[in-house]
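Q: Just passing along the structure, written as C-alpha cells.
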Amino acid sequence: MVPHLITALTGPINELEQRILESLPAIERWFRLEWMEHTPPFYTAVDVRNAGFKLAPVDTHLFPTGFHNLTDEMLPLAVQAAMAAIEKICPEAKNLLLIPDRSTRHGYLMNVERLVRIFHQAGLNVRLGTLDESVTAPTPVALPDGSALTIEPLVRQRGRLLLKDFDPCTILLNHDLADGVPAVLQNLHEQYLLPPLHAGWGVRRKTKHFQAYEELAKKFAKMLGMDPWLINPMITRAGRVDLESPAGLDALTTHADALLSKVRRKYKEYGIQEKPFVLVNLLTVREARDVAVLAERARVRRAEGQAPAEPGDELFLQEGVPTHERINDAVAEPVVTMIDRYVVGGYYRVNPERGADENLNAPGASFVPLAFAESNQLPRRGAKPGASAPNRFYMYGVIARLAMVAASYELEATDPDAESYD
C-alpha cells in the first residue's frame with residue numbers, strides 16, 4: 001500500500017491508473033518521440049494534485065529547491081540522471097559553478113548541499129558562487145548537520161563567469177530570477193547556462209505554461225481514449241486588471257464566474273458532489289463574488305508599499321484541484337522531482353494549517369520523502385489498481401513528465417533565440 005496516506009487509493013482515480021498502466025509501452029514511446037523533437041528542462045519539480053476524480057499538475061518549478069527531501073535510496077537515480085544531462089550538454093565538463101539563491105533557510109541550504117553532492121558524484125568539481133555582492137571573499141555557511149558550504153564571489157571576465165582559480169564549462173542556476181536577470185549573468189556566450197535565463201520568473205508566465213500543458217494533455221488523452229479534463233486543470237487569463245476600479249473588479253468577477261461554470265458542468269457530468277473552486281493568483285475562490293477579497297488585498301498591499309503605485313495586476317485563474325491525500329490527518333500533495341527527462345524521486349508537501357482546496361506552499365508546510373513499502377520502484381504489471389505504491393507513483397511521474405514536456409514547449413516559445421528552432 002502507499003505508505004503514510006489515507007483516501008489516496010480509492011475512487012475513479014484507480015480507473016485512470018489502470019488505463020495508464022495498460023498503455024505503458026505507448027506512453028513511453030510517446031515521451032521518447034517528444035524528446036526527439038524537444039529539449040527537456042535541465043531539472044524540474046512538479047506539484048501534483050490527486051482529487052480522487054482527477055489527477056493534474058498545479059505548478060511546475062524550473063529551479064527546484066527540494067532535493068534534500070529525497071531519500072538516500074533515490075540518490076543513485078539522481079546521480080545517473082545528472083551524468084546523462086551533463087554528458088549531453090558538455091561531455092568534456094570538468095568544473096560546475098552552482099549559483100544558489102540568497103536564502104539562508106536551513107532547508108534551502110540543505111537542498112544546495114544535496115545538489116553539490118549529486119553533481120560531485122556525477123564526476124564534476126563543484127563550487128558555489130553567489131549573486132550577493134556583499135560577499136567579497138570565500139565565506140563558510142553553517143549547515144544544520146554541523147557541516148558547512150563555502151560561497152564565493154563571482155568574477156566576470158568578458159564572456160565568462162568564473163571564481164578565483166576556477167573556470168567552469170557549465171553554470172547551474174538554483175535561483176529563480178524573480179527580480180530579473182543580474183548584469184553578471186547576461187551575455188555569457190562562452191559557457192552553458194542552465195536553466196536558460198528566460199526560464200526565470202521575471203520572464204515566465206503560468207498562463208503560457210498551462211496553455212502548453214493543455215495542448216499536450218489533449219494529445220495524450222486522445223492516445224489513451226480518455227477525457228483530457230481528467231488530467232488538465234482548466235485556466236483563464238484575466239490579463240492586467242485594476243482591482244481598485246469597479247470595471248476591473250467586474251471583469252475579474254466575470255472571468256471567475258465563467259470558469260466556475262465550466263468546472264460545475266464537468267462536476268455534474270461526472271457526478272462529483274464536491275463544491276468546485278478556482279484559484280485567482282493562488283487565492284481560493286468558491287463564488288464569483290469572492291473576488292472582492294482580492295480588491296481589498298490589493299488595496300492594503302498598495303497602502304503598505306508592497307505593491308507598485310501603478311494600478312493593475314496580471315491575473316491568472318486556474319481550476320482548483322482539491323487533494324484527497326493526507327499524512328497524519330494533514331493535507332498533503334506529491335511533488336515529483338526530475339533531472340533531464342528522468343524522474344529521480346519525490347516527496348510530499350504537507351500543511352496542517354491549510355485545507356484540501358488551498359495552496360499548500362505556504363507557511364506551516366513541511367516535507368515527507370516518498371517512502372515505498374517495496375524496494376522495487378518500477379510499475380508492477382497485473383497489480384490491482386490502488387494496491388501498488390510503485391504503480392501509483394508511476395502514474396504521478398507520467399503526469400509530472402507531461403508538465404515537463406509542456407515546460408520545454410514553453411521555453412522554446414519564449415526563447416529570445418527562437419529562430420534556432422525553425
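Just remember, in the C-alpha cells the first chain shown is A, the second B, etc., residues are 1-based per chain, and ligands are 1-based in the order shown.
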At a cut-off of 12 Å, using only C-alpha atoms, what residues contact Leu230 in chain A? Leave out same-chain residues fewer than 6 positions from it and give the result as an NGL selection string.
A: :A and (12-13 or 15-17 or 19 or 49-57 or 214 or 217-218 or 220-222 or 224 or 263 or 266-267 or 269-270 or 321 or 399)
Q: Using DSSP assignments from the backbone, pull out every residue in range 91-292 of chain A that falls under helix (DSSP H, G or I) and give it to me as a tab-separated table (two decimals) with N, CA, C and O atoms, in the first residue's frame.
A:
chain	number	residue	atom	x	y	z
A	106	HIS	N	17.60	26.97	6.58
A	106	HIS	CA	18.32	25.70	6.73
A	106	HIS	C	17.89	24.69	5.68
A	106	HIS	O	18.71	23.97	5.11
A	107	GLY	N	16.57	24.63	5.41
A	107	GLY	CA	16.08	23.68	4.42
A	107	GLY	C	16.66	23.95	3.05
A	107	GLY	O	17.10	23.03	2.35
A	108	TYR	N	16.71	25.23	2.68
A	108	TYR	CA	17.25	25.56	1.36
A	108	TYR	C	18.74	25.25	1.28
A	108	TYR	O	19.23	24.73	0.27
A	109	LEU	N	19.48	25.55	2.33
A	109	LEU	CA	20.91	25.26	2.32
A	109	LEU	C	21.17	23.77	2.21
A	109	LEU	O	22.13	23.34	1.55
A	110	MET	N	20.32	22.95	2.83
A	110	MET	CA	20.48	21.51	2.70
A	110	MET	C	20.17	21.05	1.28
A	110	MET	O	20.76	20.10	0.76
A	111	ASN	N	19.25	21.75	0.60
A	111	ASN	CA	19.00	21.49	-0.81
A	111	ASN	C	20.25	21.74	-1.63
A	111	ASN	O	20.62	20.94	-2.51
A	112	VAL	N	20.94	22.86	-1.36
A	112	VAL	CA	22.16	23.19	-2.09
A	112	VAL	C	23.23	22.13	-1.81
A	112	VAL	O	23.93	21.67	-2.73
A	113	GLU	N	23.36	21.72	-0.56
A	113	GLU	CA	24.35	20.69	-0.21
A	113	GLU	C	24.07	19.41	-0.97
A	113	GLU	O	25.00	18.74	-1.46
A	114	ARG	N	22.79	19.03	-1.09
A	114	ARG	CA	22.43	17.81	-1.81
A	114	ARG	C	22.76	17.93	-3.30
A	114	ARG	O	23.25	16.99	-3.92
A	115	LEU	N	22.52	19.10	-3.88
A	115	LEU	CA	22.88	19.31	-5.29
A	115	LEU	C	24.39	19.20	-5.49
A	115	LEU	O	24.85	18.60	-6.48
A	116	VAL	N	25.16	19.78	-4.59
A	116	VAL	CA	26.62	19.68	-4.68
A	116	VAL	C	27.03	18.21	-4.66
A	116	VAL	O	27.87	17.77	-5.45
A	117	ARG	N	26.42	17.43	-3.77
A	117	ARG	CA	26.78	16.01	-3.65
A	117	ARG	C	26.41	15.24	-4.91
A	117	ARG	O	27.18	14.42	-5.41
A	118	ILE	N	25.22	15.52	-5.45
A	118	ILE	CA	24.77	14.81	-6.67
A	118	ILE	C	25.74	15.06	-7.81
A	118	ILE	O	26.19	14.11	-8.49
A	119	PHE	N	26.12	16.32	-8.04
A	119	PHE	CA	26.97	16.62	-9.19
A	119	PHE	C	28.43	16.26	-8.94
A	119	PHE	O	29.16	15.96	-9.89
A	120	HIS	N	28.84	16.25	-7.69
A	120	HIS	CA	30.17	15.74	-7.37
A	120	HIS	C	30.25	14.25	-7.70
A	120	HIS	O	31.21	13.78	-8.33
A	121	GLN	N	29.22	13.50	-7.30
A	121	GLN	CA	29.21	12.08	-7.58
A	121	GLN	C	29.00	11.79	-9.07
A	121	GLN	O	29.29	10.69	-9.53
A	183	ALA	N	23.16	41.72	-14.13
A	183	ALA	CA	24.05	42.00	-15.26
A	183	ALA	C	25.17	40.96	-15.37
A	183	ALA	O	25.59	40.61	-16.47
A	184	VAL	N	25.59	40.43	-14.24
A	184	VAL	CA	26.71	39.49	-14.24
A	184	VAL	C	26.37	38.19	-14.98
A	184	VAL	O	27.26	37.46	-15.43
A	185	LEU	N	25.08	37.90	-15.14
A	185	LEU	CA	24.66	36.67	-15.82
A	185	LEU	C	24.33	36.89	-17.30
A	185	LEU	O	24.06	35.92	-18.01
A	197	LEU	N	18.23	31.80	-19.07
A	197	LEU	CA	17.75	32.97	-18.33
A	197	LEU	C	16.26	33.20	-18.51
A	197	LEU	O	15.59	33.68	-17.59
A	198	HIS	N	15.70	32.84	-19.66
A	198	HIS	CA	14.27	33.09	-19.86
A	198	HIS	C	13.40	32.06	-19.13
A	198	HIS	O	12.17	32.12	-19.21
A	199	ALA	N	14.02	31.13	-18.38
A	199	ALA	CA	13.26	30.24	-17.51
A	199	ALA	C	12.93	30.91	-16.17
A	199	ALA	O	12.15	30.38	-15.38
A	206	LYS	N	2.61	31.74	-15.87
A	206	LYS	CA	1.93	30.46	-15.69
A	206	LYS	C	0.93	30.20	-16.81
A	206	LYS	O	0.68	29.04	-17.17
A	207	THR	N	0.36	31.26	-17.37
A	207	THR	CA	-0.60	31.05	-18.45
A	207	THR	C	0.06	30.36	-19.64
A	207	THR	O	-0.52	29.45	-20.22
A	208	LYS	N	1.26	30.77	-20.00
A	208	LYS	CA	1.94	30.15	-21.14
A	208	LYS	C	2.23	28.69	-20.85
A	208	LYS	O	2.09	27.83	-21.73
A	209	HIS	N	2.62	28.41	-19.62
A	209	HIS	CA	2.93	27.01	-19.27
A	209	HIS	C	1.68	26.15	-19.38
A	209	HIS	O	1.70	25.07	-19.99
A	210	PHE	N	0.59	26.60	-18.78
A	210	PHE	CA	-0.60	25.76	-18.75
A	210	PHE	C	-1.33	25.74	-20.10
A	210	PHE	O	-2.08	24.79	-20.37
A	211	GLN	N	-1.11	26.73	-20.93
A	211	GLN	CA	-1.62	26.63	-22.30
A	211	GLN	C	-0.88	25.53	-23.05
A	211	GLN	O	-1.49	24.73	-23.79
A	212	ALA	N	0.43	25.46	-22.86
A	212	ALA	CA	1.20	24.38	-23.48
A	212	ALA	C	0.80	23.03	-22.90
A	212	ALA	O	0.67	22.04	-23.63
A	213	TYR	N	0.56	22.99	-21.58
A	213	TYR	CA	0.16	21.73	-20.96
A	213	TYR	C	-1.20	21.27	-21.48
A	213	TYR	O	-1.41	20.08	-21.74
A	214	GLU	N	-2.13	22.20	-21.64
A	214	GLU	CA	-3.45	21.84	-22.15
A	214	GLU	C	-3.35	21.21	-23.54
A	214	GLU	O	-4.02	20.21	-23.83
A	215	GLU	N	-2.51	21.78	-24.39
A	215	GLU	CA	-2.30	21.22	-25.73
A	215	GLU	C	-1.79	19.78	-25.64
A	215	GLU	O	-2.27	18.89	-26.34
A	216	LEU	N	-0.83	19.57	-24.77
A	216	LEU	CA	-0.26	18.22	-24.62
A	216	LEU	C	-1.26	17.26	-24.00
A	216	LEU	O	-1.32	16.08	-24.38
A	217	ALA	N	-2.02	17.74	-23.01
A	217	ALA	CA	-3.00	16.88	-22.35
A	217	ALA	C	-4.03	16.36	-23.35
A	217	ALA	O	-4.46	15.20	-23.28
A	218	LYS	N	-4.42	17.21	-24.30
A	218	LYS	CA	-5.39	16.78	-25.32
A	218	LYS	C	-4.79	15.69	-26.19
A	218	LYS	O	-5.45	14.68	-26.49
A	219	LYS	N	-3.55	15.86	-26.63
A	219	LYS	CA	-2.89	14.85	-27.46
A	219	LYS	C	-2.72	13.54	-26.68
A	219	LYS	O	-2.97	12.45	-27.20
A	220	PHE	N	-2.29	13.66	-25.45
A	220	PHE	CA	-2.04	12.48	-24.61
A	220	PHE	C	-3.35	11.74	-24.33
A	220	PHE	O	-3.42	10.51	-24.42
A	221	ALA	N	-4.39	12.49	-23.98
A	221	ALA	CA	-5.68	11.88	-23.66
A	221	ALA	C	-6.29	11.20	-24.89
A	221	ALA	O	-6.93	10.15	-24.78
A	222	LYS	N	-6.09	11.79	-26.06
A	222	LYS	CA	-6.60	11.17	-27.29
A	222	LYS	C	-5.93	9.82	-27.51
A	222	LYS	O	-6.59	8.85	-27.91
A	223	MET	N	-4.64	9.73	-27.25
A	223	MET	CA	-3.93	8.47	-27.40
A	223	MET	C	-4.48	7.41	-26.46
A	223	MET	O	-4.60	6.24	-26.81
A	224	LEU	N	-4.85	7.83	-25.24
A	224	LEU	CA	-5.36	6.88	-24.25
A	224	LEU	C	-6.87	6.69	-24.32
A	224	LEU	O	-7.43	5.87	-23.60
A	228	PRO	N	-9.51	14.66	-21.62
A	228	PRO	CA	-8.32	15.38	-21.13
A	228	PRO	C	-8.56	16.13	-19.83
A	228	PRO	O	-7.59	16.41	-19.10
A	229	TRP	N	-9.82	16.43	-19.50
A	229	TRP	CA	-10.08	17.14	-18.25
A	229	TRP	C	-9.61	16.34	-17.04
A	229	TRP	O	-9.26	16.92	-16.01
A	230	LEU	N	-9.55	15.03	-17.16
A	230	LEU	CA	-9.14	14.19	-16.04
A	230	LEU	C	-7.69	14.41	-15.64
A	230	LEU	O	-7.28	14.02	-14.55
A	231	ILE	N	-6.90	15.05	-16.53
A	231	ILE	CA	-5.50	15.31	-16.20
A	231	ILE	C	-5.12	16.78	-16.41
A	231	ILE	O	-3.95	17.13	-16.31
A	246	PRO	N	-14.16	49.74	-10.28
A	246	PRO	CA	-15.34	48.90	-10.45
A	246	PRO	C	-15.30	48.10	-11.74
A	246	PRO	O	-15.69	46.93	-11.77
A	247	ALA	N	-14.79	48.69	-12.83
A	247	ALA	CA	-14.73	47.98	-14.10
A	247	ALA	C	-13.78	46.79	-14.02
A	247	ALA	O	-14.06	45.69	-14.53
A	248	GLY	N	-12.63	46.99	-13.35
A	248	GLY	CA	-11.67	45.90	-13.21
A	248	GLY	C	-12.22	44.76	-12.37
A	248	GLY	O	-12.06	43.58	-12.70
A	249	LEU	N	-12.91	45.13	-11.29
A	249	LEU	CA	-13.49	44.12	-10.41
A	249	LEU	C	-14.59	43.35	-11.13
A	249	LEU	O	-14.70	42.13	-11.01
A	250	ASP	N	-15.40	44.06	-11.90
A	250	ASP	CA	-16.46	43.40	-12.67
A	250	ASP	C	-15.89	42.44	-13.70
A	250	ASP	O	-16.40	41.33	-13.89
A	251	ALA	N	-14.79	42.85	-14.36
A	251	ALA	CA	-14.17	41.99	-15.37
A	251	ALA	C	-13.64	40.72	-14.75
A	251	ALA	O	-13.84	39.61	-15.28
A	252	LEU	N	-12.98	40.84	-13.60
A	252	LEU	CA	-12.44	39.65	-12.94
A	252	LEU	C	-13.56	38.75	-12.43
A	252	LEU	O	-13.47	37.52	-12.53
A	253	THR	N	-14.62	39.35	-11.91
A	253	THR	CA	-15.76	38.56	-11.45
A	253	THR	C	-16.37	37.76	-12.59
A	253	THR	O	-16.72	36.60	-12.45
A	254	THR	N	-16.45	38.39	-13.76
A	254	THR	CA	-16.99	37.71	-14.95
A	254	THR	C	-16.12	36.52	-15.33
A	254	THR	O	-16.62	35.43	-15.63
A	255	HIS	N	-14.79	36.72	-15.33
A	255	HIS	CA	-13.87	35.63	-15.64
A	255	HIS	C	-14.01	34.48	-14.64
A	255	HIS	O	-14.06	33.30	-15.03
A	256	ALA	N	-14.07	34.82	-13.36
A	256	ALA	CA	-14.18	33.79	-12.33
A	256	ALA	C	-15.49	33.02	-12.46
A	256	ALA	O	-15.52	31.78	-12.33
A	257	ASP	N	-16.58	33.73	-12.72
A	257	ASP	CA	-17.88	33.08	-12.85
A	257	ASP	C	-17.91	32.15	-14.06
A	257	ASP	O	-18.45	31.04	-14.00
A	258	ALA	N	-17.28	32.57	-15.16
A	258	ALA	CA	-17.25	31.74	-16.37
A	258	ALA	C	-16.46	30.46	-16.13
A	258	ALA	O	-16.88	29.36	-16.54
A	259	LEU	N	-15.31	30.57	-15.45
A	259	LEU	CA	-14.50	29.37	-15.19
A	259	LEU	C	-15.20	28.45	-14.20
A	259	LEU	O	-15.21	27.22	-14.37
A	260	LEU	N	-15.81	29.02	-13.17
A	260	LEU	CA	-16.56	28.20	-12.21
A	260	LEU	C	-17.71	27.46	-12.91
A	260	LEU	O	-17.99	26.30	-12.60
A	261	SER	N	-18.35	28.11	-13.86
A	261	SER	CA	-19.45	27.46	-14.59
A	261	SER	C	-18.94	26.27	-15.39
A	261	SER	O	-19.58	25.22	-15.44
A	262	LYS	N	-17.76	26.40	-16.01
A	262	LYS	CA	-17.17	25.28	-16.75
A	262	LYS	C	-16.87	24.11	-15.81
A	262	LYS	O	-17.11	22.95	-16.15
A	263	VAL	N	-16.31	24.42	-14.66
A	263	VAL	CA	-15.97	23.37	-13.71
A	263	VAL	C	-17.23	22.70	-13.19
A	263	VAL	O	-17.30	21.46	-13.06
A	264	ARG	N	-18.28	23.49	-12.91
A	264	ARG	CA	-19.54	22.90	-12.42
A	264	ARG	C	-20.12	21.93	-13.44
A	264	ARG	O	-20.66	20.88	-13.07
A	265	ARG	N	-20.03	22.27	-14.72
A	265	ARG	CA	-20.55	21.36	-15.75
A	265	ARG	C	-19.79	20.04	-15.76
A	265	ARG	O	-20.39	18.98	-15.92
A	266	LYS	N	-18.49	20.10	-15.57
A	266	LYS	CA	-17.69	18.88	-15.51
A	266	LYS	C	-18.04	18.06	-14.26
A	266	LYS	O	-18.13	16.82	-14.31
A	267	TYR	N	-18.20	18.74	-13.14
A	267	TYR	CA	-18.58	18.04	-11.92
A	267	TYR	C	-19.92	17.33	-12.11
A	267	TYR	O	-20.10	16.18	-11.69
A	268	LYS	N	-20.87	18.01	-12.75
A	268	LYS	CA	-22.18	17.42	-12.99
A	268	LYS	C	-22.06	16.22	-13.93
A	268	LYS	O	-22.69	15.17	-13.71
A	269	GLU	N	-21.22	16.35	-14.96
A	269	GLU	CA	-21.02	15.27	-15.93
A	269	GLU	C	-20.50	14.00	-15.25
A	269	GLU	O	-20.90	12.88	-15.60
A	288	ALA	N	-18.12	33.65	-7.42
A	288	ALA	CA	-17.57	34.79	-8.16
A	288	ALA	C	-17.46	36.03	-7.28
A	288	ALA	O	-16.53	36.82	-7.41
A	289	ARG	N	-18.39	36.17	-6.34
A	289	ARG	CA	-18.36	37.37	-5.51
A	289	ARG	C	-17.15	37.41	-4.57
A	289	ARG	O	-16.80	38.45	-4.02
A	290	ASP	N	-16.49	36.24	-4.39
A	290	ASP	CA	-15.32	36.19	-3.50
A	290	ASP	C	-14.16	37.01	-4.03
A	290	ASP	O	-13.22	37.31	-3.28
A	291	VAL	N	-14.19	37.38	-5.32
A	291	VAL	CA	-13.04	38.11	-5.87
A	291	VAL	C	-12.93	39.50	-5.26
A	291	VAL	O	-11.89	40.15	-5.37
A	292	ALA	N	-13.98	39.96	-4.59
A	292	ALA	CA	-13.89	41.26	-3.92
A	292	ALA	C	-12.80	41.26	-2.86
A	292	ALA	O	-12.20	42.31	-2.56
Q: Using only C-alpha atoms, find the one residue out of A:Trp35, A:Ala356, A:Arg127, A:Tyr396 that sits nearest to His324 in chain A.
A: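 Of A:Trp35, A:Ala356, A:Arg127, A:Tyr396, the one nearest His324 in chain A is A:Ala356, counting only C-alpha atoms.
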Q: Which is closer to Leu70 in chain A than all the others in A:Pro138, A:Gly346, A:Pro40, A:Pro144, using only C-alpha atoms?
A: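 Closest to Leu70 in chain A, using only C-alpha atoms: A:Gly346.
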Q: Calculate how many Å separate CA of Val293 in chain A from CA of Val331 in chain A, rounding to one decimal.
A: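 Distance between the two atoms: 24.1 Å.
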Q: Skipping near chain neighbours, those fewer than 4 positions away, what residues fall within 12 Å of Asp72 in chain A using only C-alpha atoms, listed as a list in words?
A: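 Here the answer would be Phe67, His68, Pro76, Leu77, Ala78, Val79, Arg114, Arg117, Ile118, Val344, Gly345, Gly346, Pro369, Leu370 and Ala371 of chain A.
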Q: Could you check which of A:Leu97, A:Cys169, A:Asn359, A:Phe367 is closest to Thr65 in chain A, using only C-alpha atoms?
A: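 Of A:Leu97, A:Cys169, A:Asn359, A:Phe367, the one nearest Thr65 in chain A is A:Phe367, counting only C-alpha atoms.
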Q: Rounded to one decimal place, report the CA of Gly355 in chain A-CA of Ala238 in chain A distance in Å.
A: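 Answer for the CA of Gly355 in chain A to CA of Ala238 in chain A separation: 25.4 Å.
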Q: Interatomic distance between CA of Leu161 in chain A and CA of Asn95 in chain A?
A: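 One can read the CA of Leu161 in chain A to CA of Asn95 in chain A distance as 12.1 Å.
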Q: May I have the residues within 8 Å of Glu314 in chain A as number ranges by chain, using only C-alpha atoms and disregarding those fewer than 5 positions away in the same chain?
A: A: 238-241
Q: Can you pull out the residues contacting Leu173 in chain A? Cut-off 7 Å, using only C-alpha atoms, and skip same-chain residues under 5 positions away; I want them as JSON, numbers by chain.
A: {"A": [98, 99, 100, 194, 195]}
Q: Create the file for the chosen residues now, containing N, CA, C and O atoms and written as a CSV table (one decimal), in the first residue's frame.
A:
chain,number,residue,atom,x,y,z
A,98,LEU,N,27.8,26.3,-9.4
A,98,LEU,CA,26.4,26.3,-8.9
A,98,LEU,C,26.2,27.7,-8.3
A,98,LEU,O,26.9,28.1,-7.3
A,99,ILE,N,25.1,28.4,-8.8
A,99,ILE,CA,24.7,29.7,-8.2
A,99,ILE,C,23.4,29.5,-7.5
A,99,ILE,O,22.4,29.4,-8.1
A,100,PRO,N,23.4,29.5,-6.1
A,100,PRO,CA,22.2,29.3,-5.4
A,100,PRO,C,21.5,30.6,-5.2
A,100,PRO,O,22.0,31.7,-5.5
A,194,LEU,N,22.5,27.0,-17.3
A,194,LEU,CA,21.3,26.1,-17.1
A,194,LEU,C,20.6,26.4,-15.8
A,194,LEU,O,21.3,26.6,-14.8
A,195,PRO,N,19.3,26.5,-15.8
A,195,PRO,CA,18.4,26.6,-17.0
A,195,PRO,C,18.7,28.0,-17.7
A,195,PRO,O,19.4,28.8,-17.1
